[in-house]
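Below you'll find the structure, written out as C-alpha coordinates, and then a few comments.
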Amino acid sequence: MARHMHEEGTAMVDLVIGAQGQVAQASLHSSTGYDDLDRTALAAARNVHCTAEGGVTDGTKVTLPVIFHLKG
(Lines give C-alpha, C1' and ligand atoms only; values in the text may rest on other atoms or scores of the structure.)
Protein backbone atom coordinates (compact mmCIF):
# COMPACT_ATOMS: atom_id res chain seq x y z
CA MET A 1 0.00 0.00 0.00
CA ALA A 2 2.82 2.40 0.89
CA ARG A 3 4.39 1.85 -2.53
CA HIS A 4 1.06 2.51 -4.24
CA MET A 5 0.63 5.73 -2.25
CA HIS A 6 4.27 6.76 -2.93
CA GLU A 7 5.01 6.99 0.79
CA GLU A 8 8.64 7.56 1.74
CA GLY A 9 10.42 8.83 4.82
CA THR A 10 12.74 8.10 7.72
CA ALA A 11 11.52 6.93 11.10
CA MET A 12 13.88 7.36 14.03
CA VAL A 13 13.36 4.55 16.55
CA ASP A 14 14.75 4.70 20.10
CA LEU A 15 15.92 1.33 21.38
CA VAL A 16 16.98 0.04 24.77
CA ILE A 17 19.14 -3.05 24.40
CA GLY A 18 18.95 -5.95 26.88
CA ALA A 19 21.73 -8.07 28.37
CA GLN A 20 21.61 -10.65 25.57
CA GLY A 21 21.64 -8.02 22.79
CA GLN A 22 17.88 -8.20 22.27
CA VAL A 23 15.66 -5.14 22.00
CA ALA A 24 14.12 -4.62 25.45
CA GLN A 25 12.17 -1.49 24.43
CA ALA A 26 11.40 0.26 21.15
CA SER A 27 9.64 3.59 20.74
CA LEU A 28 9.16 6.03 17.91
CA HIS A 29 11.43 9.07 18.31
CA SER A 30 10.37 10.78 15.08
CA SER A 31 7.77 9.82 12.51
CA THR A 32 7.86 9.31 8.77
CA GLY A 33 4.53 11.07 8.66
CA TYR A 34 2.79 7.82 7.73
CA ASP A 35 1.28 5.50 10.34
CA ASP A 36 1.84 2.35 8.29
CA LEU A 37 5.53 3.10 7.75
CA ASP A 38 5.98 3.96 11.44
CA ARG A 39 4.41 0.64 12.49
CA THR A 40 6.64 -1.22 10.06
CA ALA A 41 9.74 0.61 11.34
CA LEU A 42 8.91 -0.31 14.94
CA ALA A 43 8.28 -3.95 14.01
CA ALA A 44 11.59 -4.16 12.14
CA ALA A 45 13.50 -2.47 14.97
CA ARG A 46 12.14 -4.97 17.50
CA ASN A 47 13.88 -7.74 15.52
CA VAL A 48 17.33 -6.17 15.77
CA HIS A 49 20.03 -7.99 17.71
CA CYS A 50 23.08 -6.07 18.91
CA THR A 51 26.59 -6.87 20.02
CA ALA A 52 29.09 -4.55 21.68
CA GLU A 53 32.82 -4.40 22.15
CA GLY A 54 33.49 -5.79 25.59
CA GLY A 55 30.16 -7.62 25.46
CA VAL A 56 28.15 -5.19 27.63
CA THR A 57 24.83 -4.25 26.03
CA ASP A 58 22.40 -4.22 28.98
CA GLY A 59 20.64 -0.87 29.15
CA THR A 60 22.40 0.59 26.13
CA LYS A 61 20.28 3.22 24.37
CA VAL A 62 20.53 3.79 20.64
CA THR A 63 18.52 5.59 18.00
CA LEU A 64 18.04 3.60 14.82
CA PRO A 65 17.09 5.30 11.53
CA VAL A 66 14.71 3.22 9.41
CA ILE A 67 14.61 4.60 5.89
CA PHE A 68 11.81 3.95 3.41
CA HIS A 69 12.75 4.95 -0.12
CA LEU A 70 11.08 3.95 -3.38
CA LYS A 71 13.43 3.09 -6.21
CA GLY A 72 12.75 4.64 -9.58
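Within each chain, counting starts at residue 1; across the C-alpha coordinates, chains are named A, B, ... in the order shown, with ligands numbered 1 upward in that order.
For region 9-48 of chain A, the set of residues given strand (DSSP E) by DSSP on the backbone reads A:Gly9, A:Thr10, A:Ala11, A:Met12, A:Val13, A:Asp14, A:Leu15, A:Val16, A:Ile17, A:Val23, A:Ala24, A:Gln25, A:Ala26, A:Ser27, A:Leu28, A:His29, A:Ser30.
Comparing A:Ile17, A:Val23, A:Ala52, A:Val66 by their smallest distance to Arg39 (chain A), the closest is A:Val66 (using only C-alpha atoms).
Compared by their closest atoms to Val16 (chain A), and using only C-alpha atoms, the residues A:Val62, A:Cys50, A:Ala43, A:Leu70 rank with A:Val62 nearest.
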Within 12 Å of Asn47 (chain A), counting only C-alpha atoms, which residues show up once you throw out same-chain ones fewer than 3 positions away? Write them as a PyMOL selection string, please. chain A and resi 15+17+21-26+40-44+50
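Put simply, CA of Ala19 (chain A) is 17.4 Å away from CA of Thr63 (chain A).
The alpha helix (DSSP H) portion of chain A consists of Asp35, Asp36, Leu37, Asp38, Arg39, Thr40, Ala41, Leu42, Ala43, Ala44 and Ala45 of chain A, with states taken from DSSP on the backbone.
Separating CA of Met12 (chain A) from CA of Gly54 (chain A) is a distance of 26.3 Å.
As for CA of Val13 (chain A) and CA of Lys61 (chain A), they are spaced 10.5 Å apart.
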Please build the interface table for region 14-61 of chain A against region 5-10 of chain A with a cut-off of 9 Å, listing for each qualifying residue the nearest atom pair and the distance in Å to one decimal; count only C-alpha atoms, order rows by chain and increasing number, and write it as a tab-separated table.
```
residue	atom	partner	partner_atom	distance
A:Ser30	CA	A:Thr10	CA	8.2
A:Ser31	CA	A:Thr10	CA	7.1
A:Thr32	CA	A:Gly9	CA	4.7
A:Gly33	CA	A:Gly9	CA	7.4
A:Tyr34	CA	A:Glu7	CA	7.3
A:Leu37	CA	A:Glu7	CA	8.0
A:Asp38	CA	A:Thr10	CA	8.8
A:Ala41	CA	A:Thr10	CA	8.8
```
Using only C-alpha atoms, find the one residue out of A:Leu64, A:Val48, A:Val56, A:Ala11 that sits nearest to Asp35 (chain A). A:Ala11
